Structures are given as C-alpha cells and as structure tokens.
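entry11.cif (mmCIF, C-alpha atoms) appears below.
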```cif
data_run
#
loop_
_atom_site.label_atom_id
_atom_site.label_comp_id
_atom_site.auth_asym_id
_atom_site.auth_seq_id
_atom_site.Cartn_x
_atom_site.Cartn_y
_atom_site.Cartn_z
CA MET A 29 90.17 118.82 93.27
CA SER A 30 93.82 118.05 92.74
CA THR A 31 95.28 117.43 96.20
CA GLU A 32 98.78 117.86 94.81
CA ARG A 33 97.87 121.29 93.45
CA LEU A 34 96.32 122.50 96.71
CA SER A 35 99.25 121.11 98.63
CA GLN A 36 101.67 123.19 96.53
CA GLN A 37 99.57 126.31 97.06
CA ILE A 38 99.41 125.78 100.83
CA GLN A 39 103.17 125.24 100.85
CA PHE A 40 103.64 128.66 99.23
CA ILE A 41 101.35 130.28 101.80
CA LEU A 42 103.28 128.70 104.66
CA GLU A 43 106.60 129.70 103.10
CA ILE A 44 105.70 133.37 102.77
CA ASP A 45 104.91 133.42 106.50
CA ARG A 46 108.66 133.94 106.86
CA LEU A 47 108.34 137.48 105.49
CA LYS A 48 106.99 138.37 108.94
CA GLN A 49 110.51 137.78 110.23
CA VAL A 50 112.30 139.99 107.72
CA LEU A 51 113.00 143.26 109.48
CA ARG A 52 113.28 146.61 107.74
CA GLN A 53 115.37 149.50 109.02
CA THR A 54 112.26 151.63 109.39
CA LYS A 55 110.41 151.58 112.68
CA ILE A 56 106.64 151.38 113.12
CA MET A 57 104.83 154.57 114.12
CA GLY A 58 105.73 155.33 117.70
CA GLY A 59 109.17 153.82 117.17
CA GLN A 60 108.82 150.83 119.51
CA ARG A 61 110.28 148.29 117.11
CA GLN A 62 111.46 147.70 113.58
CA GLU A 63 108.83 147.11 110.98
CA ASN A 64 108.70 143.79 109.15
CA SER A 65 108.21 143.39 105.42
CA ALA A 66 104.88 141.56 105.70
CA GLU A 67 103.09 144.30 107.62
CA HIS A 68 104.82 146.89 105.40
CA SER A 69 103.36 145.18 102.32
CA TRP A 70 99.91 145.30 103.87
CA GLN A 71 100.16 149.01 104.59
CA LEU A 72 101.30 149.81 101.06
CA ALA A 73 98.40 147.80 99.63
CA VAL A 74 95.88 149.81 101.66
CA MET A 75 97.71 152.99 100.63
CA ALA A 76 97.24 152.03 96.98
CA LEU A 77 93.48 151.82 97.50
CA VAL A 78 93.38 155.21 99.20
CA LEU A 79 95.86 157.21 97.09
CA ALA A 80 95.32 155.80 93.58
CA GLU A 81 93.81 159.10 92.43
CA TYR A 82 97.24 160.74 92.66
CA ALA A 83 98.93 158.50 90.07
CA ASN A 84 100.30 160.49 87.12
CA GLU A 85 98.52 158.21 84.68
CA PRO A 86 95.26 156.34 85.35
CA VAL A 87 96.03 153.08 87.17
CA ASP A 88 94.04 149.98 88.05
CA PRO A 89 94.23 150.09 91.87
CA ALA A 90 93.63 146.33 92.13
CA HIS A 91 96.68 145.68 89.97
CA VAL A 92 98.83 148.01 92.06
CA VAL A 93 97.61 146.18 95.16
CA LYS A 94 98.55 142.76 93.75
CA MET A 95 102.02 143.99 92.87
CA LEU A 96 102.56 145.44 96.33
CA LEU A 97 101.36 142.26 98.02
CA VAL A 98 104.15 140.24 96.42
CA HIS A 99 106.84 142.89 95.86
CA ASP A 100 108.87 141.94 98.92
CA VAL A 101 108.48 138.14 99.20
CA ILE A 102 111.91 137.71 97.62
CA GLU A 103 113.33 139.18 100.85
CA ILE A 104 112.64 135.84 102.53
CA ASP A 105 115.84 134.63 100.86
CA ALA A 106 117.51 137.89 99.84
CA GLY A 107 116.87 139.91 103.01
CA ASP A 108 115.76 143.51 103.07
CA THR A 109 118.40 145.72 101.48
CA TRP A 110 118.29 149.09 103.17
CA SER A 111 117.86 151.95 100.72
CA PHE A 112 121.08 153.56 101.94
CA ASP A 113 123.22 150.41 102.08
CA ASP A 114 125.55 151.01 99.11
CA LYS A 115 127.35 147.68 99.60
CA GLY A 116 124.14 145.69 99.90
CA TYR A 117 123.03 147.11 96.56
CA LEU A 118 126.03 145.61 94.73
CA ASP A 119 124.57 142.11 94.49
CA LYS A 120 120.95 142.94 95.33
CA GLU A 121 119.67 142.17 91.86
CA GLU A 122 121.23 138.71 91.64
CA ARG A 123 120.18 137.73 95.17
CA GLU A 124 116.62 138.79 94.51
CA ARG A 125 116.41 137.06 91.13
CA LEU A 126 117.45 133.75 92.66
CA ALA A 127 114.95 134.24 95.47
CA ALA A 128 112.14 134.92 92.99
CA GLU A 129 113.04 131.72 91.11
CA ARG A 130 112.79 129.61 94.23
CA ILE A 131 109.84 131.15 96.01
CA PHE A 132 107.37 131.64 93.16
CA SER A 133 108.24 128.16 91.84
CA LEU A 134 106.64 126.64 94.91
CA LEU A 135 103.32 127.40 93.22
CA PRO A 136 101.74 125.42 90.37
CA ALA A 137 103.26 126.72 87.11
CA ASP A 138 100.10 128.50 85.95
CA GLN A 139 100.22 130.66 89.10
CA ALA A 140 104.00 130.94 89.52
CA GLY A 141 104.27 132.73 86.15
CA PRO A 142 101.74 135.52 86.75
CA LEU A 143 102.85 136.16 90.34
CA ARG A 144 106.49 136.27 89.31
CA ALA A 145 105.50 138.63 86.50
CA LEU A 146 104.02 141.01 89.09
CA TRP A 147 107.37 141.13 90.85
CA ASP A 148 109.24 141.71 87.58
CA GLU A 149 106.80 144.47 86.71
CA PHE A 150 107.38 146.17 90.06
CA GLU A 151 111.14 146.02 89.61
CA GLU A 152 111.17 147.27 86.04
CA MET A 153 109.07 150.39 86.71
CA GLU A 154 107.92 150.49 83.12
CA THR A 155 104.15 150.54 83.62
CA PRO A 156 102.03 153.30 85.22
CA GLU A 157 101.01 150.80 87.91
CA SER A 158 104.57 149.87 88.80
CA ARG A 159 105.75 153.48 88.84
CA PHE A 160 102.90 154.28 91.20
CA ALA A 161 103.59 151.21 93.38
CA ASN A 162 107.24 152.23 93.65
CA ALA A 163 106.19 155.79 94.55
CA LEU A 164 104.23 154.43 97.52
CA ASP A 165 107.11 152.16 98.54
CA ARG A 166 109.37 155.24 98.72
CA LEU A 167 106.86 157.59 100.30
CA MET A 168 105.97 155.36 103.24
CA PRO A 169 109.45 155.27 104.88
CA MET A 170 109.55 159.07 104.57
CA LEU A 171 106.25 159.28 106.45
CA HIS A 172 107.63 156.92 109.10
CA ASN A 173 110.87 158.89 109.43
CA PHE A 174 109.09 162.23 109.60
CA HIS A 175 106.74 161.01 112.33
CA ASN A 176 109.47 159.11 114.18
CA GLU A 177 111.68 162.13 114.89
CA GLY A 178 113.79 161.67 111.79
CA GLY A 179 114.15 157.88 112.09
CA THR A 180 116.76 156.48 109.72
CA TRP A 181 117.40 159.96 108.27
CA ARG A 182 119.38 160.73 111.41
CA ARG A 183 121.85 157.90 111.00
CA ASP A 184 125.47 158.27 110.09
CA GLY A 185 125.97 158.32 106.38
CA VAL A 186 122.45 159.24 105.33
CA THR A 187 122.72 162.57 103.56
CA LEU A 188 120.00 164.73 102.08
CA LYS A 189 121.52 163.99 98.69
CA LYS A 190 120.97 160.26 99.13
CA VAL A 191 117.44 160.77 100.42
CA LEU A 192 116.61 162.99 97.45
CA ALA A 193 117.98 160.37 95.07
CA ARG A 194 115.49 157.82 96.48
CA GLN A 195 112.73 160.40 96.76
CA SER A 196 113.04 161.50 93.14
CA ALA A 197 111.32 158.31 91.95
CA ILE A 198 108.11 159.28 93.74
CA ALA A 199 107.27 161.98 91.20
CA LYS A 200 107.70 159.46 88.38
CA GLY A 201 104.63 157.65 89.70
CA SER A 202 102.85 160.61 91.26
CA GLN A 203 103.77 164.25 90.93
CA ALA A 204 101.38 165.15 93.76
CA LEU A 205 102.99 162.67 96.17
CA GLY A 206 106.44 163.74 94.99
CA ASP A 207 105.58 167.33 95.90
CA TYR A 208 104.12 166.19 99.21
CA SER A 209 107.29 164.29 100.11
CA LEU A 210 109.46 167.32 99.27
CA ALA A 211 107.27 169.44 101.54
CA LEU A 212 107.79 166.82 104.27
CA LEU A 213 111.56 167.23 103.94
CA GLU A 214 111.23 171.00 104.12
CA GLN A 215 109.16 170.67 107.26
CA ALA A 216 111.66 168.16 108.70
CA LYS A 217 114.40 170.75 108.17
CA LYS A 218 112.49 173.31 110.20
CA LEU A 219 112.01 170.76 112.96
CA GLY A 220 115.68 169.81 112.96
CA ILE A 221 115.01 166.18 112.03
CA ALA A 222 116.02 166.25 108.37
CA PRO A 223 118.96 164.32 106.88
CA VAL A 224 122.25 166.25 106.92
CA GLU A 225 122.88 168.48 103.92
CA GLN A 226 126.06 167.27 102.27
CA MET B 12 95.23 168.90 94.42
CA SER B 13 93.28 169.50 97.59
CA THR B 14 95.83 169.59 100.41
CA GLU B 15 93.10 169.05 102.98
CA ARG B 16 91.97 165.89 101.17
CA LEU B 17 95.48 164.42 100.93
CA SER B 18 96.10 165.32 104.54
CA GLN B 19 93.02 163.33 105.62
CA GLN B 20 94.13 160.35 103.55
CA ILE B 21 97.64 160.41 105.01
CA GLN B 22 96.14 160.65 108.49
CA PHE B 23 94.22 157.43 107.83
CA ILE B 24 97.36 155.68 106.59
CA LEU B 25 99.28 156.74 109.69
CA GLU B 26 96.39 155.69 111.94
CA ILE B 27 96.19 152.16 110.55
CA ASP B 28 99.89 151.72 111.34
CA ARG B 29 98.62 150.87 114.83
CA LEU B 30 97.23 147.56 113.53
CA LYS B 31 100.85 146.36 113.61
CA GLN B 32 100.61 146.50 117.37
CA VAL B 33 97.40 144.48 117.71
CA LEU B 34 98.45 140.97 118.66
CA ARG B 35 96.49 137.85 117.79
CA GLN B 36 96.53 134.67 119.84
CA THR B 37 98.00 132.76 116.93
CA LYS B 38 101.75 132.56 116.58
CA ILE B 39 103.74 133.00 113.38
CA MET B 40 105.16 129.87 111.74
CA GLY B 41 107.95 128.60 113.92
CA GLY B 42 106.16 129.86 117.01
CA GLN B 43 108.67 132.57 118.01
CA ARG B 44 106.10 135.27 118.67
CA GLN B 45 102.45 136.19 118.38
CA GLU B 46 101.23 137.31 115.02
CA ASN B 47 99.89 140.85 114.57
CA SER B 48 96.74 141.73 112.66
CA ALA B 49 98.53 143.77 109.98
CA GLU B 50 100.80 140.95 108.81
CA HIS B 51 97.87 138.54 109.15
CA SER B 52 95.81 140.73 106.79
CA TRP B 53 98.64 140.68 104.28
CA GLN B 54 98.90 136.91 104.35
CA LEU B 55 95.16 136.47 103.84
CA ALA B 56 95.24 138.86 100.88
CA VAL B 57 97.97 136.82 99.18
CA MET B 58 96.02 133.67 100.03
CA ALA B 59 92.99 135.09 98.24
CA LEU B 60 95.04 135.53 95.07
CA VAL B 61 96.35 131.98 95.25
CA LEU B 62 93.25 130.07 96.40
CA ALA B 63 90.41 131.93 94.65
CA GLU B 64 89.73 128.94 92.42
CA TYR B 65 88.38 127.00 95.41
CA ALA B 66 85.51 129.40 96.16
CA ASN B 67 82.10 127.70 95.96
CA GLU B 68 80.83 130.40 93.65
CA PRO B 69 82.94 132.41 91.20
CA VAL B 70 84.51 135.34 93.03
CA ASP B 71 86.39 138.46 91.96
CA PRO B 72 89.76 137.87 93.67
CA ALA B 73 90.55 141.62 93.70
CA HIS B 74 87.37 142.28 95.66
CA VAL B 75 88.19 139.54 98.17
CA VAL B 76 91.65 141.07 98.55
CA LYS B 77 90.26 144.55 99.25
CA MET B 78 87.90 143.17 101.88
CA LEU B 79 90.70 141.27 103.60
CA LEU B 80 92.99 144.30 103.59
CA VAL B 81 90.53 146.29 105.73
CA HIS B 82 88.69 143.51 107.60
CA ASP B 83 90.70 143.92 110.80
CA VAL B 84 91.41 147.67 111.03
CA ILE B 85 88.58 148.02 113.56
CA GLU B 86 90.80 146.05 115.96
CA ILE B 87 92.87 149.21 116.44
CA ASP B 88 90.13 150.34 118.80
CA ALA B 89 88.26 147.11 119.50
CA GLY B 90 91.23 144.78 119.97
CA ASP B 91 91.46 141.29 118.53
CA THR B 92 88.75 139.10 120.00
CA TRP B 93 90.06 135.57 120.18
CA SER B 94 87.78 133.07 118.45
CA PHE B 95 87.42 131.08 121.64
CA ASP B 96 86.89 133.99 124.02
CA ASP B 97 83.18 133.60 124.86
CA LYS B 98 83.15 136.66 127.10
CA GLY B 99 84.93 138.86 124.55
CA TYR B 100 82.26 137.98 122.00
CA LEU B 101 79.48 139.43 124.17
CA ASP B 102 80.15 143.05 123.19
CA LYS B 103 82.35 142.42 120.14
CA GLU B 104 79.78 143.72 117.67
CA GLU B 105 79.22 147.03 119.44
CA ARG B 106 82.93 147.65 120.04
CA GLU B 107 83.73 146.97 116.42
CA ARG B 108 80.90 149.09 115.06
CA LEU B 109 82.11 152.11 117.04
CA ALA B 110 85.65 151.47 115.84
CA ALA B 111 84.53 151.33 112.22
CA GLU B 112 82.69 154.65 112.65
CA ARG B 113 85.79 156.37 113.97
CA ILE B 114 88.52 154.87 111.82
CA PHE B 115 86.94 154.93 108.37
CA SER B 116 85.65 158.46 109.04
CA LEU B 117 89.21 159.72 109.04
CA LEU B 118 89.00 159.43 105.24
CA PRO B 119 87.22 161.87 102.91
CA ALA B 120 83.53 160.87 102.79
CA ASP B 121 83.67 159.49 99.24
CA GLN B 122 86.30 156.97 100.37
CA ALA B 123 85.08 156.35 103.91
CA GLY B 124 81.79 154.96 102.59
CA PRO B 125 83.15 152.33 100.18
CA LEU B 126 85.90 151.16 102.58
CA ARG B 127 83.45 150.90 105.45
CA ALA B 128 81.12 148.98 103.11
CA LEU B 129 83.90 146.42 102.52
CA TRP B 130 84.10 145.84 106.26
CA ASP B 131 80.30 145.51 106.56
CA GLU B 132 80.30 143.08 103.66
CA PHE B 133 82.96 140.95 105.32
CA GLU B 134 81.01 140.84 108.58
CA GLU B 135 77.65 140.05 107.00
CA MET B 136 78.87 137.05 104.99
CA GLU B 137 76.10 137.47 102.46
CA THR B 138 78.12 137.67 99.25
CA PRO B 139 80.24 134.91 97.66
CA GLU B 140 83.30 137.13 98.12
CA SER B 141 82.70 137.66 101.82
CA ARG B 142 81.95 133.99 102.47
CA PHE B 143 85.22 133.13 100.75
CA ALA B 144 87.14 135.85 102.63
CA ASN B 145 85.78 134.51 105.91
CA ALA B 146 86.75 130.97 104.90
CA LEU B 147 90.38 132.10 104.49
CA ASP B 148 90.28 133.98 107.80
CA ARG B 149 89.26 130.75 109.53
CA LEU B 150 91.54 128.42 107.62
CA MET B 151 94.75 130.34 108.28
CA PRO B 152 94.80 129.93 112.10
CA MET B 153 94.17 126.21 111.59
CA LEU B 154 97.23 126.04 109.36
CA HIS B 155 99.24 127.93 111.97
CA ASN B 156 98.03 125.69 114.78
CA PHE B 157 98.66 122.51 112.82
CA HIS B 158 102.21 123.57 111.97
CA ASN B 159 102.91 124.98 115.42
CA GLU B 160 102.38 121.72 117.33
CA GLY B 161 98.74 122.41 118.08
CA GLY B 162 99.15 126.09 118.96
CA THR B 163 96.03 127.57 120.53
CA TRP B 164 94.18 124.24 120.10
CA ARG B 165 96.13 122.94 123.05
CA ARG B 166 94.97 125.59 125.48
CA ASP B 167 92.59 125.04 128.35
CA GLY B 168 89.01 125.41 127.30
CA VAL B 169 89.46 124.92 123.56
CA THR B 170 87.48 121.83 122.66
CA LEU B 171 87.11 120.10 119.33
CA LYS B 172 83.45 121.13 119.43
CA LYS B 173 84.39 124.81 119.58
CA VAL B 174 86.99 124.42 116.85
CA LEU B 175 84.47 122.67 114.62
CA ALA B 176 81.94 125.45 115.21
CA ARG B 177 84.47 127.99 113.85
CA GLN B 178 85.68 125.62 111.13
CA SER B 179 82.16 124.94 109.81
CA ALA B 180 82.07 128.39 108.17
CA ILE B 181 84.94 127.46 105.87
CA ALA B 182 82.77 125.16 103.75
CA LYS B 183 80.24 127.98 103.30
CA GLY B 184 82.85 129.85 101.28
CA SER B 185 84.78 126.87 99.94
CA GLN B 186 83.81 123.23 100.19
CA ALA B 187 87.30 122.19 99.07
CA LEU B 188 89.01 124.21 101.81
CA GLY B 189 86.41 123.02 104.33
CA ASP B 190 87.31 119.42 103.46
CA TYR B 191 91.00 120.26 103.64
CA SER B 192 90.65 121.78 107.11
CA LEU B 193 88.76 118.71 108.35
CA ALA B 194 91.54 116.53 107.02
CA LEU B 195 94.01 118.74 108.93
CA LEU B 196 92.12 118.08 112.16
CA GLU B 197 92.12 114.34 111.47
CA GLN B 198 95.84 114.45 110.90
CA ALA B 199 96.31 116.55 114.05
CA LYS B 200 94.48 113.84 116.01
CA LYS B 201 96.92 111.22 114.76
CA LEU B 202 99.83 113.42 115.77
CA GLY B 203 98.36 114.07 119.22
CA ILE B 204 98.11 117.83 118.68
CA ALA B 205 94.34 118.13 118.11
CA PRO B 206 91.92 119.98 120.43
CA VAL B 207 90.43 117.80 123.17
CA GLU B 208 87.27 115.91 122.24
CA GLN B 209 84.56 117.07 124.57
#
```
Could I get this structure in the form of structure tokens?
Amino acid sequence: MSTERLSQQIQFILEIDRLKQVLRQTKIMGGQRQENSAEHSWQLAVMALVLAEYANEPVDPAHVVKMLLVHDVIEIDAGDTWSFDDKGYLDKEERERLAAERIFSLLPADQAGPLRALWDEFEEMETPESRFANALDRLMPMLHNFHNEGGTWRRDGVTLKKVLARQSAIAKGSQALGDYSLALLEQAKKLGIAPVEQ
Amino acid sequence: MSTERLSQQIQFILEIDRLKQVLRQTKIMGGQRQENSAEHSWQLAVMALVLAEYANEPVDPAHVVKMLLVHDVIEIDAGDTWSFDDKGYLDKEERERLAAERIFSLLPADQAGPLRALWDEFEEMETPESRFANALDRLMPMLHNFHNEGGTWRRDGVTLKKVLARQSAIAKGSQALGDYSLALLEQAKKLGIAPVEQ
C-alpha cells in the first residue's frame, strides 16, 4: 500500500466535507433551514436510482449517480450560484473551472482525471446521462418550492419566464419529468404560490 | 407513463428529505455543528468511489455506492443510534426493521424490493460490498474525531475498548483501512485526543 497515495485520497475526502457548509437558496422540506449542497447531492443520487426509467434515452443509473455525487464539489471554492442570480452567472464558469482544477487535483492523477471528467460531462450536457442528471438537478428545487409554499419562486425578481427557462432543460433529459414539472407549475398557480407571470 | 407510479416515486423522494434532519453525534469538519445522516451518506458514497481499491476482495464500487446511499434512510423513523449508546442498541434492530418496512414500501413494489434488499445487505455484512461499505461507515467518524480534537472520543463513557470494538469491523472490509484507522488512534494518543484506556 502506498501511504502517500492513501494520504492524498483521505485529504480529498476531508476537503469535500466543506460542501456541507455550502448553502443553497432552496430550503429543506418543511422550510426550517436552507439546504446544503452535500445533502442535496445525496438526494439527487437517490432520485437517479428511483427515476432512471423516465430518461428519454436509456441511461446507466450508476453513471448518473456518480456524476451527481461530484457535480457540486466545485462549490466549495466557487459557492452555490443561485439559478436566478443573473450577476452571479457572469463569471460562474471561470470560478467553477478553477475550483475543479484545485479540488480534483487533490487526488492521485489516475483518479483526478476520471472524477473531473464526470464534472465536465455534467456541465456539458452532451450525453444521455448528463442530460438526465441535469433534469433531476432542476426538478428537485421545483419540488421543494412547490411543497414549501412557493419557496424561492415567491422572491422579488423571480418571474415565471425565468423559471420556465430553467425548467425547459428538464424535458431534454426526461420528457415525462418535464411534463410533470409543468403540471406542478400549473398546480402552483391554482394554489397562488407560483412565480409571477411577467 | 403511469401517473400513480410516478406519484409514489416522488412521495418517496420527498419522504427521504427528512433524513436531512436526523442528526448524528459526529460533528462536521471544523466542529461547527452536528452532521446529519443525509450529508453523511453522500460523503460515504464519494468515499466508496475513491477508496474501492482498498477492499479486501474485489468490489463493484457502484454497488457499494447504492448501498451507502440508502443505508441510513431507516433513521427517519428509527433515529440515529450512536455507536456508543448501549441502551439505544437494545431495540435498534426492531426499530430499524419497522422503519425499513414503512419507508421502502412507499415505492412501487418492483423498486421497494431491490432498495430494501440493499439495506438488508448492508446490515448483514455477508458480501464483500457490504463489508467494505461498513468499513467506510466506521472509518469516517474516526476521521472526523481525529480532525475535530477527539470529538466524541472525548466524551464520558467512551473507552478505547469500545472504540476498538467498533473499529475492528473495518479490517473485515479493508485490511489497509483497518491498519490506517489503528495508526490514527496511535497518533491520537500522542496528541492527547484519544479515547481513555480502560
């Protein structure tokens, strides 16, 4: 056993502990507190196991899970950029690229490469697995908002148009989940908890 | 698409959100707050991807990941039983079995079975994958304690003997990680943060 190798791997595991301190805008079910990106990643990974059948193209659920497990670790350095933060999106890509360089490089090179590749794959949305993973990442906050009395939908500046722009990517990974999320918005409208229409 | 089926699956995903509110005794790195079982499950799943090479027998990392993703959901009903809570362990098995019945049954039967089976497999420790998954589940709190100035090791009633009894299962899944965790305890002793020797 190479002690140096194991030591690098343990260092990575300790480093990613910090994702538990990165807060998202979304609240957990019940609304008591903001959700963090570590527990969010866990929930999406379980979701992938349960909802894989709805992907537009056949996907390897285990691969979707792996991608979702690491898709947010870059937020340790780059922070969580809220979907409706137009300013934050201006330099999001550069911040996240630098974060990926640093964080995955903590691992031995033969592991840094493949794990980094999972993150790239998620970002590029060019494989069936990554389109499906992104669909789940966009569906989950809608579920939280719907069940938390509108959640972040009810904030200043979040319009239905912006929500639909984010939501539209769901159908690229899963038409069934895209339809489901549209039905959620319709239902939210009836309940008076939908984003404002402008 | 069966709407009833999707509705059951979404219900399960919303239900497991509650795992984010189940607190463990262990604190996150830095010691600011207690860790919850959802973020803990995420960290173990990433660990499985990174440390799979140290399993005593060849393991399918994706299978270890799946097991770790669901290994704690029963805590939603049964609570987290601290490793050193002798009284809590008396009825742990029964509480957790009832929880598994209820929670996995929220899913359509064809999914409830396999996911429940992953939990059973984890508990029984009879496959290489489950022995390795359990090794990670026992190593991680040791890492947290070591890096949090002794953490729960420094509480009343936690003796080195009890810690070693928990730690001994690590080598059953991974001799290398078992050795590493023993070395951690040795180092903790030098730093004066080890459990008391009695």
* **segment 93-106 of chain B environment, 8 Å, only C-alpha atoms, sequence neighbours closer than 6 positions dropped, as a list in words** => Arg35, Gln36, Val169, Lys173 and Arg177 of chain B
Save out the residues we just selected, C-alpha atoms, as a PDB file, in the coordinates of the input.
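Result file is part-v1.pdb:
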```pdb
ATOM      1  CA  ARG B  35      96.490 137.850 117.790  1.00  0.00           C
ATOM      2  CA  GLN B  36      96.530 134.670 119.840  1.00  0.00           C
ATOM      3  CA  VAL B 169      89.460 124.920 123.560  1.00  0.00           C
ATOM      4  CA  LYS B 173      84.390 124.810 119.580  1.00  0.00           C
ATOM      5  CA  ARG B 177      84.470 127.990 113.850  1.00  0.00           C
TER       6      ARG B 177
END
```
Define the interface residues of chain A facing chain B as those within 6 Å, counting only C-alpha atoms, and report them as a PDB file with C-alpha atoms, in the coordinates of the input.
```pdb
ATOM      1  CA  ALA A  66     104.880 141.560 105.700  1.00  0.00           C
ATOM      2  CA  GLU A  67     103.090 144.300 107.620  1.00  0.00           C
ATOM      3  CA  TRP A  70      99.910 145.300 103.870  1.00  0.00           C
ATOM      4  CA  ALA A  90      93.630 146.330  92.130  1.00  0.00           C
TER       5      ALA A  90
END
```
* **Matched chain/residue IDs from the PyMOL selection byres ((chain B and resi 145) around 10), as JSON, numbers by chain** => {"B": [55, 75, 78, 79, 82, 133, 134, 135, 136, 139, 140, 141, 142, 143, 144, 146, 147, 148, 149, 150, 180, 181, 183, 184, 185]}
* What separation in Å, quoted to one decimal, exists between atom CA of Gly162 of chain B and atom CA of Thr37 of chain B? ->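 Interatomic distance here is 7.1 Å.
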* Asked: Applied to the shown file, which residues does the PyMOL selection byres ((chain A and resi 210) around 12) return, written as a PyMOL selection string?
  -> chain A and resi 167+170-171+174+188+191-199+203-209+211-217+222
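The gap separating atom CA of Ile85 of chain B from atom CA of Glu107 of chain B is 5.7 Å, in Å to one decimal.
For the pair atom CA of Glu208 of chain B and atom CA of Asp167 of chain B, the separation is 12.2 Å.
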Put segment 189-197 of chain A into a file with all heavy atoms, as a PDB file, in the first residue's frame.
```pdb
ATOM      1  N   LYS A 189     -41.252  33.465 -16.354  1.00  0.00           N
ATOM      2  CA  LYS A 189     -40.413  33.340 -17.546  1.00  0.00           C
ATOM      3  C   LYS A 189     -39.028  32.757 -17.193  1.00  0.00           C
ATOM      4  O   LYS A 189     -38.511  31.874 -17.871  1.00  0.00           O
ATOM      5  CB  LYS A 189     -40.259  34.736 -18.181  1.00  0.00           C
ATOM      6  CG  LYS A 189     -39.746  34.724 -19.605  1.00  0.00           C
ATOM      7  CD  LYS A 189     -39.705  36.146 -20.155  1.00  0.00           C
ATOM      8  CE  LYS A 189     -38.679  36.251 -21.274  1.00  0.00           C
ATOM      9  NZ  LYS A 189     -38.413  37.629 -21.644  1.00  0.00           N
ATOM     10  N   LYS A 190     -38.467  33.273 -16.103  1.00  0.00           N
ATOM     11  CA  LYS A 190     -37.149  32.769 -15.677  1.00  0.00           C
ATOM     12  C   LYS A 190     -37.242  31.314 -15.217  1.00  0.00           C
ATOM     13  O   LYS A 190     -36.358  30.496 -15.480  1.00  0.00           O
ATOM     14  CB  LYS A 190     -36.605  33.623 -14.527  1.00  0.00           C
ATOM     15  CG  LYS A 190     -36.032  34.958 -14.975  1.00  0.00           C
ATOM     16  CD  LYS A 190     -35.360  35.680 -13.808  1.00  0.00           C
ATOM     17  CE  LYS A 190     -34.766  37.009 -14.258  1.00  0.00           C
ATOM     18  NZ  LYS A 190     -34.157  37.749 -13.138  1.00  0.00           N
ATOM     19  N   VAL A 191     -38.298  31.008 -14.488  1.00  0.00           N
ATOM     20  CA  VAL A 191     -38.468  29.639 -14.006  1.00  0.00           C
ATOM     21  C   VAL A 191     -38.623  28.689 -15.197  1.00  0.00           C
ATOM     22  O   VAL A 191     -38.008  27.613 -15.235  1.00  0.00           O
ATOM     23  CB  VAL A 191     -39.677  29.528 -13.048  1.00  0.00           C
ATOM     24  CG1 VAL A 191     -39.993  28.072 -12.713  1.00  0.00           C
ATOM     25  CG2 VAL A 191     -39.419  30.325 -11.768  1.00  0.00           C
ATOM     26  N   LEU A 192     -39.395  29.104 -16.189  1.00  0.00           N
ATOM     27  CA  LEU A 192     -39.595  28.245 -17.364  1.00  0.00           C
ATOM     28  C   LEU A 192     -38.303  28.059 -18.157  1.00  0.00           C
ATOM     29  O   LEU A 192     -38.080  27.006 -18.748  1.00  0.00           O
ATOM     30  CB  LEU A 192     -40.704  28.822 -18.267  1.00  0.00           C
ATOM     31  CG  LEU A 192     -42.122  28.669 -17.714  1.00  0.00           C
ATOM     32  CD1 LEU A 192     -43.131  29.429 -18.585  1.00  0.00           C
ATOM     33  CD2 LEU A 192     -42.534  27.192 -17.612  1.00  0.00           C
ATOM     34  N   ALA A 193     -37.458  29.082 -18.136  1.00  0.00           N
ATOM     35  CA  ALA A 193     -36.178  28.968 -18.849  1.00  0.00           C
ATOM     36  C   ALA A 193     -35.310  27.882 -18.197  1.00  0.00           C
ATOM     37  O   ALA A 193     -34.642  27.099 -18.884  1.00  0.00           O
ATOM     38  CB  ALA A 193     -35.450  30.308 -18.858  1.00  0.00           C
ATOM     39  N   ARG A 194     -35.308  27.816 -16.863  1.00  0.00           N
ATOM     40  CA  ARG A 194     -34.575  26.755 -16.146  1.00  0.00           C
ATOM     41  C   ARG A 194     -35.271  25.421 -16.348  1.00  0.00           C
ATOM     42  O   ARG A 194     -34.628  24.394 -16.590  1.00  0.00           O
ATOM     43  CB  ARG A 194     -34.555  27.028 -14.620  1.00  0.00           C
ATOM     44  CG  ARG A 194     -33.672  28.147 -14.154  1.00  0.00           C
ATOM     45  CD  ARG A 194     -32.206  27.791 -14.139  1.00  0.00           C
ATOM     46  NE  ARG A 194     -31.862  26.684 -13.258  1.00  0.00           N
ATOM     47  CZ  ARG A 194     -30.671  26.111 -13.234  1.00  0.00           C
ATOM     48  NH1 ARG A 194     -29.712  26.537 -14.031  1.00  0.00           N
ATOM     49  NH2 ARG A 194     -30.410  25.113 -12.425  1.00  0.00           N
ATOM     50  N   GLN A 195     -36.585  25.451 -16.243  1.00  0.00           N
ATOM     51  CA  GLN A 195     -37.380  24.220 -16.299  1.00  0.00           C
ATOM     52  C   GLN A 195     -37.277  23.523 -17.656  1.00  0.00           C
ATOM     53  O   GLN A 195     -37.347  22.294 -17.735  1.00  0.00           O
ATOM     54  CB  GLN A 195     -38.837  24.588 -15.961  1.00  0.00           C
ATOM     55  CG  GLN A 195     -39.837  23.453 -15.949  1.00  0.00           C
ATOM     56  CD  GLN A 195     -40.354  23.139 -17.361  1.00  0.00           C
ATOM     57  OE1 GLN A 195     -40.269  23.960 -18.272  1.00  0.00           O
ATOM     58  NE2 GLN A 195     -40.847  21.921 -17.532  1.00  0.00           N
ATOM     59  N   SER A 196     -37.082  24.322 -18.704  1.00  0.00           N
ATOM     60  CA  SER A 196     -37.110  23.758 -20.061  1.00  0.00           C
ATOM     61  C   SER A 196     -36.050  22.675 -20.269  1.00  0.00           C
ATOM     62  O   SER A 196     -36.208  21.792 -21.112  1.00  0.00           O
ATOM     63  CB  SER A 196     -36.934  24.868 -21.095  1.00  0.00           C
ATOM     64  OG  SER A 196     -35.646  25.443 -20.955  1.00  0.00           O
ATOM     65  N   ALA A 197     -34.981  22.722 -19.486  1.00  0.00           N
ATOM     66  CA  ALA A 197     -33.926  21.716 -19.650  1.00  0.00           C
ATOM     67  C   ALA A 197     -34.350  20.340 -19.123  1.00  0.00           C
ATOM     68  O   ALA A 197     -33.733  19.327 -19.472  1.00  0.00           O
ATOM     69  CB  ALA A 197     -32.651  22.167 -18.939  1.00  0.00           C
TER      70      ALA A 197
END
```
